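Enquirer: One structure follows; several queries about it will come next.
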Amino acid sequence: MTNLITNVVVEVMPRFEGYVYPNEATQQPLWSILIVLYPYITGLVAGAFIMASLVRVFNVRALEPVYRLSMLTAFAFLLCAPLPLLFHLGHPERCYEVMMTPHLTSPMAIFGFIYAWYLMAVLLLELWFDYRRDFVTWSEITPGFRGILYRLFTVGVTDTSDESVELDHKIGHILSVVGIPSAFLLHGYVGFIFGSVKANPWWGNVLMPIIFIMSAMVSGIALCVFNYMVLSWIRRRKVDMRCLDVMCMYLFYALVVDAAIEGLDWIHRIYSAEEGFQVMLHMIREKLFYTLNLGQVTFGTFVPLIMLGTLQLVRKRVPELARRRMYFSSAALILLGVLAMRWNVVIGGQLFSKTLRGVMSYKMEFAGLEGWLMGAILMCLPFVILTILVKLFLAENLPTEGHVPHRDTDRPALQAAEI
């Protein structure tokens with residue numbers, strides 16, 4: 001009987017190496033896979049919106065074929081952005097209290113206002129102004145339930161005159177300009193949450209918001225490359241290589257800046273060697289060896305940098321098939337690398353004790369609210385929503401005006417022109 005009780009205690013109590021305070025002896029880290037997915041999904045939203053803004057705001061015409069796909073990608077992932085937080089809460093039905101009783105000194109409470117602003121006042125309105133004329137056209141020629149749905153989306157505004165369409169484009173341009181700093185704010189504040197925790201040497205860093213913003217841009221652009229190539233493959237359509245080359249050119253530049261900032265962060269940590277530096281080295285060498293050294297640094301950064309950088313130098317000498325494979329592999333590796341970075345920040349910052357002398361052994365379960373299964377479901381849900389949006393708004397059997405908003409409206413949207 002004594003042996004049985006002892007074995008139960010060993011299994012129930014968490015496994016630590018070193019010294020910890022009693023209140024740190026929890027069964028697992030308080031923030032698990034759901035909080036890892038939360039900054040990851042919001043980063044994909046911000047990056048996809050920046051990709052779309054390159055067309056409307058910065059007039060990069062070569063990216064016109066992916067403009068609407070990028071906007072729909074940002075919208076689909078934004079709808080799922082608060083779900084990890086809601087599932088993590090003990091009482092998710094109380095989430096409305098954030099809006100009803102605002103607590104302006106809480107960064108997490110401010111997320112409710114930033115999210116509502118970005119969803120309702122920026123992204124949703126911009127999508128509606130982009131599609132309004134098409135909604136009117138589709139409602140007249142599409143029978144059945146989809147036709148009713150398109151008529152509802154017009155909200156009674158059926159004017160398709162040149163003056164009305166021009167007004168739609170002007171308002172959409174203004175919303176895009178406002179949306180760029182809003183996208184930075186949406187994800188930069190996530191880095192602010194971690195960077196403001198001064199007691200944790202892994203998180204307490206002034207560069208944390210900038211690192212999160214740059215990694216968001218990288219992951220969002222990589223997601224647009226991934227979605228565009230997968231959608232073209234499903235529809236058996238030839239990929240616009242000019243568009244793909246320009247997308248991956250921006251992906252390469254963003255990845256260089258992101259890698260430089262993260263490298264600067266670690267150089268500063270190594271040079272200053274402040275309190276907690278030794279436990280961080282232990283985390284890098286032991287606990288986070290696979291996710292940090294291999295997942296984030298090697299396969300998530302260095303390998304895509306080499307492939308994309310090589311293509312920037314000898315692009316014309318590489319066959320299109322090989323370029324497409326290298327672009328797709330780079331985008332997939334970057335998406336996995338940024339996810340590993342989120343894991344390293346969220347989980348890695350909780351694995352060592354406040355005394356900096358104890359390290360927790362953590363193994364995530366498969367089922368349960370904080371398990372792999374729930375994380376996989378939440379990660380797949382935005383792609384399911386995006387599939388529905390593509391069928392409704394990017395279907396091949398739907399006639400479109402062939403127009404993507406930019407300053408010069410004389411050319412059709414699906415022609416890839418020079419930047």
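Residue names in the structure tokens use chain letters A, B, ... in the order shown, residue numbers from 1 in each chain, and ligand numbers from 1 in the order shown.
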Can I get the residues of stretch 251-317 of chain A within 6 Å of stretch 207-230 of chain A, each with the closest pair of atoms and their distance in Å to one decimal, using only C-alpha atoms, sorted chain first then ascending number, as a tab-separated table?

Expert:
residue	atom	partner	partner_atom	distance
A:Ala254	CA	A:Val218	CA	5.7
A:Leu255	CA	A:Val218	CA	5.8
A:Asp258	CA	A:Met214	CA	5.3

Enquirer: Can I get the selection written as a PDB file, in the first residue's frame, with all heavy atoms?

Expert:
ATOM      1  N   ALA A 254      11.800  40.148 -45.808  1.00  0.00           N
ATOM      2  CA  ALA A 254      11.242  40.138 -44.457  1.00  0.00           C
ATOM      3  C   ALA A 254      11.962  39.124 -43.582  1.00  0.00           C
ATOM      4  O   ALA A 254      12.214  39.376 -42.393  1.00  0.00           O
ATOM      5  CB  ALA A 254       9.749  39.823 -44.516  1.00  0.00           C
ATOM      6  N   LEU A 255      12.310  37.977 -44.144  1.00  0.00           N
ATOM      7  CA  LEU A 255      13.012  36.961 -43.372  1.00  0.00           C
ATOM      8  C   LEU A 255      14.412  37.429 -42.980  1.00  0.00           C
ATOM      9  O   LEU A 255      14.889  37.144 -41.865  1.00  0.00           O
ATOM     10  CB  LEU A 255      13.094  35.662 -44.176  1.00  0.00           C
ATOM     11  CG  LEU A 255      13.706  34.444 -43.466  1.00  0.00           C
ATOM     12  CD1 LEU A 255      12.907  34.091 -42.227  1.00  0.00           C
ATOM     13  CD2 LEU A 255      13.776  33.256 -44.419  1.00  0.00           C
ATOM     14  N   ASP A 258      13.924  39.868 -40.113  1.00  0.00           N
ATOM     15  CA  ASP A 258      13.521  39.137 -38.914  1.00  0.00           C
ATOM     16  C   ASP A 258      14.697  38.386 -38.305  1.00  0.00           C
ATOM     17  O   ASP A 258      14.918  38.430 -37.082  1.00  0.00           O
ATOM     18  CB  ASP A 258      12.397  38.163 -39.272  1.00  0.00           C
ATOM     19  CG  ASP A 258      11.943  37.330 -38.086  1.00  0.00           C
ATOM     20  OD1 ASP A 258      11.777  37.905 -36.997  1.00  0.00           O
ATOM     21  OD2 ASP A 258      11.784  36.109 -38.242  1.00  0.00           O
TER      22      ASP A 258
END

Enquirer: Per residue of stretch 182-231 of chain A within 12 Å of stretch 106-125 of chain A, what are the shortest atom pair and its distance in Å to one decimal, counting only C-alpha atoms, with rows by chain and residue number, as JSON lines?

Expert:
{"residue": "A:Ser182", "atom": "CA", "partner": "A:Tyr118", "partner_atom": "CA", "distance": 6.6}
{"residue": "A:Ala183", "atom": "CA", "partner": "A:Tyr118", "partner_atom": "CA", "distance": 7.5}
{"residue": "A:Phe184", "atom": "CA", "partner": "A:Tyr118", "partner_atom": "CA", "distance": 10.7}
{"residue": "A:Leu185", "atom": "CA", "partner": "A:Ile114", "partner_atom": "CA", "distance": 7.8}
{"residue": "A:Leu186", "atom": "CA", "partner": "A:Ile114", "partner_atom": "CA", "distance": 6.3}
{"residue": "A:His187", "atom": "CA", "partner": "A:Phe111", "partner_atom": "CA", "distance": 9.7}
{"residue": "A:Gly188", "atom": "CA", "partner": "A:Phe111", "partner_atom": "CA", "distance": 11.0}
{"residue": "A:Tyr189", "atom": "CA", "partner": "A:Pro107", "partner_atom": "CA", "distance": 7.6}
{"residue": "A:Val190", "atom": "CA", "partner": "A:Pro107", "partner_atom": "CA", "distance": 8.4}
{"residue": "A:Gly191", "atom": "CA", "partner": "A:Pro107", "partner_atom": "CA", "distance": 10.5}
{"residue": "A:Phe192", "atom": "CA", "partner": "A:Pro107", "partner_atom": "CA", "distance": 8.2}
{"residue": "A:Ile193", "atom": "CA", "partner": "A:Pro107", "partner_atom": "CA", "distance": 6.4}
{"residue": "A:Phe194", "atom": "CA", "partner": "A:Pro107", "partner_atom": "CA", "distance": 10.1}
{"residue": "A:Gly195", "atom": "CA", "partner": "A:Pro107", "partner_atom": "CA", "distance": 11.5}
{"residue": "A:Ser196", "atom": "CA", "partner": "A:Pro107", "partner_atom": "CA", "distance": 9.8}
{"residue": "A:Val197", "atom": "CA", "partner": "A:Pro107", "partner_atom": "CA", "distance": 11.6}

Enquirer: In stretch 147-200 of chain A, what's helix (DSSP H, G or I) per DSSP? Answer as a VMD selection string?

Expert: chain A and resid 147 to 153 162 to 195

Enquirer: I need the residues from that last selection saved to file as a CSV table (one decimal), in the first residue's frame (with N, CA and C atoms), if you can.

Expert:
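New file out-v3.csv:
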chain,number,residue,atom,x,y,z
A,147,GLY,N,-27.6,33.0,-54.2
A,147,GLY,CA,-28.0,34.3,-54.7
A,147,GLY,C,-28.6,35.1,-53.6
A,148,ILE,N,-29.4,34.5,-52.7
A,148,ILE,CA,-30.0,35.2,-51.6
A,148,ILE,C,-28.9,35.7,-50.7
A,149,LEU,N,-27.9,34.9,-50.5
A,149,LEU,CA,-26.7,35.3,-49.7
A,149,LEU,C,-26.0,36.5,-50.3
A,150,TYR,N,-25.8,36.5,-51.6
A,150,TYR,CA,-25.2,37.6,-52.2
A,150,TYR,C,-26.0,38.9,-52.1
A,151,ARG,N,-27.3,38.7,-52.2
A,151,ARG,CA,-28.2,39.9,-52.0
A,151,ARG,C,-28.1,40.4,-50.6
A,152,LEU,N,-28.0,39.6,-49.6
A,152,LEU,CA,-27.9,40.0,-48.3
A,152,LEU,C,-26.6,40.8,-48.1
A,153,PHE,N,-25.5,40.3,-48.7
A,153,PHE,CA,-24.2,41.0,-48.6
A,153,PHE,C,-24.2,42.4,-49.2
A,162,ASP,N,-20.1,54.4,-62.2
A,162,ASP,CA,-18.7,54.6,-62.0
A,162,ASP,C,-18.4,55.5,-60.8
A,163,GLU,N,-19.2,56.4,-60.5
A,163,GLU,CA,-19.0,57.3,-59.4
A,163,GLU,C,-19.0,56.5,-58.1
A,164,SER,N,-20.0,55.6,-58.0
A,164,SER,CA,-20.2,54.8,-56.8
A,164,SER,C,-19.0,53.8,-56.6
A,165,VAL,N,-18.6,53.2,-57.7
A,165,VAL,CA,-17.4,52.3,-57.6
A,165,VAL,C,-16.2,53.0,-57.3
A,166,GLU,N,-16.0,54.2,-57.8
A,166,GLU,CA,-14.8,55.0,-57.5
A,166,GLU,C,-14.8,55.4,-56.0
A,167,LEU,N,-15.9,55.7,-55.5
A,167,LEU,CA,-16.0,56.0,-54.1
A,167,LEU,C,-15.7,54.8,-53.2
A,168,ASP,N,-16.1,53.6,-53.7
A,168,ASP,CA,-15.7,52.3,-53.0
A,168,ASP,C,-14.2,52.2,-52.9
A,169,HIS,N,-13.6,52.5,-54.0
A,169,HIS,CA,-12.1,52.3,-54.1
A,169,HIS,C,-11.4,53.3,-53.2
A,170,LYS,N,-11.9,54.5,-53.2
A,170,LYS,CA,-11.2,55.5,-52.3
A,170,LYS,C,-11.4,55.2,-50.8
A,171,ILE,N,-12.6,54.8,-50.4
A,171,ILE,CA,-12.8,54.4,-49.0
A,171,ILE,C,-11.9,53.1,-48.7
A,172,GLY,N,-11.9,52.2,-49.6
A,172,GLY,CA,-11.1,51.0,-49.4
A,172,GLY,C,-9.6,51.3,-49.3
A,173,HIS,N,-9.1,52.3,-50.1
A,173,HIS,CA,-7.7,52.7,-49.9
A,173,HIS,C,-7.4,53.3,-48.6
A,174,ILE,N,-8.4,54.2,-48.1
A,174,ILE,CA,-8.2,54.8,-46.8
A,174,ILE,C,-8.2,53.7,-45.7
A,175,LEU,N,-9.1,52.7,-45.8
A,175,LEU,CA,-9.1,51.6,-44.8
A,175,LEU,C,-7.8,50.8,-44.9
A,176,SER,N,-7.2,50.6,-46.0
A,176,SER,CA,-5.9,49.9,-46.1
A,176,SER,C,-4.8,50.7,-45.5
A,177,VAL,N,-4.8,52.0,-45.7
A,177,VAL,CA,-3.8,52.8,-45.0
A,177,VAL,C,-3.9,52.7,-43.5
A,178,VAL,N,-5.1,52.8,-43.0
A,178,VAL,CA,-5.4,52.7,-41.6
A,178,VAL,C,-5.1,51.3,-41.1
A,179,GLY,N,-5.3,50.3,-41.9
A,179,GLY,CA,-5.1,48.9,-41.5
A,179,GLY,C,-3.7,48.5,-41.3
A,180,ILE,N,-2.8,49.2,-41.9
A,180,ILE,CA,-1.3,48.8,-41.8
A,180,ILE,C,-0.9,49.0,-40.3
A,181,PRO,N,-1.0,50.2,-39.8
A,181,PRO,CA,-0.6,50.4,-38.4
A,181,PRO,C,-1.5,49.6,-37.4
A,182,SER,N,-2.8,49.4,-37.8
A,182,SER,CA,-3.6,48.5,-37.0
A,182,SER,C,-3.2,47.1,-37.0
A,183,ALA,N,-2.7,46.6,-38.1
A,183,ALA,CA,-2.1,45.2,-38.1
A,183,ALA,C,-0.9,45.1,-37.2
A,184,PHE,N,0.0,46.1,-37.3
A,184,PHE,CA,1.2,46.2,-36.4
A,184,PHE,C,0.7,46.2,-34.9
A,185,LEU,N,-0.3,47.0,-34.7
A,185,LEU,CA,-0.8,47.1,-33.3
A,185,LEU,C,-1.4,45.8,-32.8
A,186,LEU,N,-2.1,45.1,-33.7
A,186,LEU,CA,-2.8,43.9,-33.4
A,186,LEU,C,-1.8,42.8,-32.9
A,187,HIS,N,-0.7,42.7,-33.6
A,187,HIS,CA,0.3,41.7,-33.2
A,187,HIS,C,1.4,42.2,-32.3
A,188,GLY,N,1.7,43.5,-32.4
A,188,GLY,CA,2.8,44.0,-31.6
A,188,GLY,C,2.5,44.0,-30.2
A,189,TYR,N,1.2,44.2,-29.8
A,189,TYR,CA,0.9,44.2,-28.4
A,189,TYR,C,1.0,42.8,-27.8
A,190,VAL,N,0.9,41.8,-28.6
A,190,VAL,CA,1.2,40.4,-28.1
A,190,VAL,C,2.6,40.3,-27.6
A,191,GLY,N,3.5,40.8,-28.4
A,191,GLY,CA,4.9,40.9,-27.9
A,191,GLY,C,5.1,41.8,-26.7
A,192,PHE,N,4.3,42.8,-26.6
A,192,PHE,CA,4.3,43.7,-25.5
A,192,PHE,C,3.9,42.9,-24.2
A,193,ILE,N,3.0,42.0,-24.3
A,193,ILE,CA,2.5,41.3,-23.1
A,193,ILE,C,3.7,40.5,-22.6
A,194,PHE,N,4.4,39.8,-23.4
A,194,PHE,CA,5.6,39.0,-23.0
A,194,PHE,C,6.7,39.9,-22.6
A,195,GLY,N,7.0,40.9,-23.4
A,195,GLY,CA,8.2,41.8,-23.1
A,195,GLY,C,8.0,42.6,-21.8

Enquirer: I'd like to know which of A:Ala340, A:Leu251, A:Asp265, A:Lys287 is closest to A:Phe299, using only C-alpha atoms.

Expert: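 Using only C-alpha atoms, the shortest distance to A:Phe299 belongs to A:Ala340.
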
Enquirer: So the first atom is atom CA of A:Thr42 and the second is atom CA of A:Leu378; what is the distance between them in Å, to one decimal place?

Expert: 12.8 Å

Enquirer: Give the answer as one residue: which of A:Arg317, A:Arg242, A:Met379, A:Phe58 has the shortest atom-to-atom distance to A:Tyr38, using only C-alpha atoms?

Expert: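 Between A:Arg317, A:Arg242, A:Met379, A:Phe58, the residue approaching A:Tyr38 most closely is A:Met379.
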
Enquirer: A:Ile267, A:Met280, A:Ala259, A:Leu389: which is nearest A:Thr298, counting only C-alpha atoms?

Expert: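 For A:Thr298, the nearest of the given residues is A:Ala259.
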
Enquirer: Could you list, as a PyMOL selection string, every residue within 12 Å of A:His282, counting only C-alpha atoms and ignoring same-chain residues fewer than 4 positions away?

Expert: chain A and resi 17+276-278+286-289+348+351-352+356-360

Enquirer: Could you tell me how far atom CA of A:Phe77 sits from atom CA of A:Val45, in Å to one decimal place?

Expert: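 Atom CA of A:Phe77 lies 5.9 Å from atom CA of A:Val45.
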
Enquirer: Just how far from atom CA of A:Thr387 is atom CA of A:Asp130, in Å to one decimal?

Expert: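 Computed distance, atom CA of A:Asp130 to atom CA of A:Thr387, equals 19.1 Å.
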
Enquirer: Determine, counting only C-alpha atoms, which protein, DNA and RNA residues have an atom within 6 Å of an atom of A:Val136; residues of the same chain fewer than 3 positions away are not included. Present the result as a list in words.

Expert: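 The filter keeps Arg133, Ser139 and Thr158 of chain A.
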
Enquirer: Go through A:Asn293, A:Ser353, A:Asn59, A:Ser232 one by one, measure the shortest atom-to-atom distance of each to A:Arg324 using only C-alpha atoms, and give the residue with the smallest value.

Expert: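 Checking each of A:Asn293, A:Ser353, A:Asn59, A:Ser232 against A:Arg324, counting only C-alpha atoms, the winner is A:Ser232.
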
Enquirer: Find, counting only C-alpha atoms, the residue in A:Thr355, A:Pro102, A:Pro65, A:Leu386 that gets nearest to A:Lys238.

Expert: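 Answer, going by the shortest atom-to-atom distance: A:Pro65.
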
Enquirer: Extract, using only C-alpha atoms, all DNA, RNA and protein residues at most 12 Å from A:Asp134, discarding same-chain residues fewer than 4 positions from it, and format them as JSON, numbers by chain.

Expert: {"A": [127, 128, 129, 130, 138, 139, 140, 141, 142, 147, 150, 151, 153, 154, 157, 158, 159, 160, 165, 168, 392, 393, 394, 398, 399, 400, 401, 402, 403, 404]}

Enquirer: Keeping only N, CA, C and O atoms, write the selected residues as a CSV table (one decimal), in the first residue's frame.

Expert:
chain,number,residue,atom,x,y,z
A,127,LEU,N,-13.2,44.5,-47.0
A,127,LEU,CA,-13.7,43.4,-47.9
A,127,LEU,C,-15.0,43.8,-48.5
A,127,LEU,O,-15.3,43.5,-49.7
A,128,TRP,N,-15.9,44.4,-47.8
A,128,TRP,CA,-17.2,44.7,-48.3
A,128,TRP,C,-17.1,45.8,-49.4
A,128,TRP,O,-17.7,45.6,-50.5
A,129,PHE,N,-16.3,46.8,-49.3
A,129,PHE,CA,-16.1,47.8,-50.3
A,129,PHE,C,-15.4,47.1,-51.6
A,129,PHE,O,-15.7,47.5,-52.7
A,130,ASP,N,-14.5,46.2,-51.4
A,130,ASP,CA,-13.9,45.5,-52.5
A,130,ASP,C,-14.9,44.7,-53.3
A,130,ASP,O,-14.8,44.6,-54.5
A,138,TRP,N,-23.4,39.2,-58.8
A,138,TRP,CA,-23.6,37.8,-58.5
A,138,TRP,C,-25.0,37.6,-58.0
A,138,TRP,O,-25.6,36.6,-58.3
A,139,SER,N,-25.6,38.6,-57.3
A,139,SER,CA,-27.0,38.4,-56.8
A,139,SER,C,-28.0,38.4,-58.0
A,139,SER,O,-29.1,37.8,-57.8
A,140,GLU,N,-27.6,39.0,-59.1
A,140,GLU,CA,-28.6,39.0,-60.2
A,140,GLU,C,-28.5,37.7,-61.1
A,140,GLU,O,-29.5,37.4,-61.8
A,141,ILE,N,-27.4,37.0,-61.1
A,141,ILE,CA,-27.2,35.9,-62.0
A,141,ILE,C,-27.1,34.5,-61.2
A,141,ILE,O,-27.2,33.5,-61.9
A,142,THR,N,-27.0,34.6,-59.9
A,142,THR,CA,-26.8,33.3,-59.1
A,142,THR,C,-28.2,32.9,-58.5
A,142,THR,O,-28.8,33.7,-57.8
A,147,GLY,N,-27.6,33.0,-54.2
A,147,GLY,CA,-28.0,34.3,-54.7
A,147,GLY,C,-28.6,35.1,-53.6
A,147,GLY,O,-28.4,36.3,-53.6
A,150,TYR,N,-25.8,36.5,-51.6
A,150,TYR,CA,-25.2,37.6,-52.2
A,150,TYR,C,-26.0,38.9,-52.1
A,150,TYR,O,-25.5,40.0,-51.9
A,151,ARG,N,-27.3,38.7,-52.2
A,151,ARG,CA,-28.2,39.9,-52.0
A,151,ARG,C,-28.1,40.4,-50.6
A,151,ARG,O,-28.2,41.7,-50.4
A,153,PHE,N,-25.5,40.3,-48.7
A,153,PHE,CA,-24.2,41.0,-48.6
A,153,PHE,C,-24.2,42.4,-49.2
A,153,PHE,O,-23.4,43.2,-48.8
A,154,THR,N,-25.1,42.6,-50.1
A,154,THR,CA,-25.1,44.0,-50.7
A,154,THR,C,-25.7,45.0,-49.7
A,154,THR,O,-25.5,46.2,-49.9
A,157,VAL,N,-27.4,48.2,-51.1
A,157,VAL,CA,-26.7,49.1,-51.9
A,157,VAL,C,-26.4,48.5,-53.2
A,157,VAL,O,-25.5,47.7,-53.4
A,158,THR,N,-27.1,48.9,-54.2
A,158,THR,CA,-27.0,48.2,-55.5
A,158,THR,C,-26.6,49.2,-56.6
A,158,THR,O,-26.6,48.8,-57.8
A,159,ASP,N,-26.1,50.3,-56.3
A,159,ASP,CA,-25.6,51.3,-57.3
A,159,ASP,C,-24.2,50.8,-57.8
A,159,ASP,O,-23.3,50.7,-57.0
A,160,THR,N,-24.1,50.6,-59.1
A,160,THR,CA,-22.9,50.1,-59.7
A,160,THR,C,-22.4,51.2,-60.7
A,160,THR,O,-21.6,50.8,-61.6
A,165,VAL,N,-18.6,53.2,-57.7
A,165,VAL,CA,-17.4,52.3,-57.6
A,165,VAL,C,-16.2,53.0,-57.3
A,165,VAL,O,-15.3,52.5,-56.5
A,168,ASP,N,-16.1,53.6,-53.7
A,168,ASP,CA,-15.7,52.3,-53.0
A,168,ASP,C,-14.2,52.2,-52.9
A,168,ASP,O,-13.6,51.8,-51.9
A,392,LEU,N,-17.2,30.8,-52.0
A,392,LEU,CA,-18.2,31.8,-52.1
A,392,LEU,C,-17.7,33.0,-52.9
A,392,LEU,O,-18.5,33.6,-53.7
A,393,PHE,N,-16.5,33.4,-52.7
A,393,PHE,CA,-16.0,34.7,-53.2
A,393,PHE,C,-14.9,34.6,-54.3
A,393,PHE,O,-14.6,35.6,-54.9
A,394,LEU,N,-14.3,33.4,-54.4
A,394,LEU,CA,-13.3,33.3,-55.5
A,394,LEU,C,-13.6,32.1,-56.3
A,394,LEU,O,-12.6,31.5,-56.9
A,398,LEU,N,-17.8,32.1,-61.1
A,398,LEU,CA,-18.4,33.5,-60.8
A,398,LEU,C,-17.7,34.5,-61.7
A,398,LEU,O,-16.5,34.6,-61.7
A,399,PRO,N,-18.5,35.2,-62.5
A,399,PRO,CA,-17.9,36.3,-63.3
A,399,PRO,C,-17.5,37.5,-62.4
A,399,PRO,O,-18.2,37.8,-61.4
A,400,THR,N,-16.4,38.0,-62.6
A,400,THR,CA,-15.9,39.2,-61.9
A,400,THR,C,-15.5,40.3,-62.8
A,400,THR,O,-15.5,40.1,-64.0
A,401,GLU,N,-15.4,41.5,-62.2
A,401,GLU,CA,-15.0,42.6,-63.0
A,401,GLU,C,-13.6,42.6,-63.4
A,401,GLU,O,-13.1,43.5,-64.2
A,402,GLY,N,-12.8,41.7,-63.0
A,402,GLY,CA,-11.4,41.6,-63.3
A,402,GLY,C,-10.6,42.8,-62.8
A,402,GLY,O,-9.6,43.3,-63.3
A,403,HIS,N,-11.0,43.3,-61.6
A,403,HIS,CA,-10.4,44.5,-61.1
A,403,HIS,C,-9.9,44.3,-59.7
A,403,HIS,O,-10.6,43.8,-58.8
A,404,VAL,N,-8.7,44.7,-59.5
A,404,VAL,CA,-8.1,44.8,-58.1
A,404,VAL,C,-7.7,46.2,-57.9
A,404,VAL,O,-7.0,46.8,-58.7
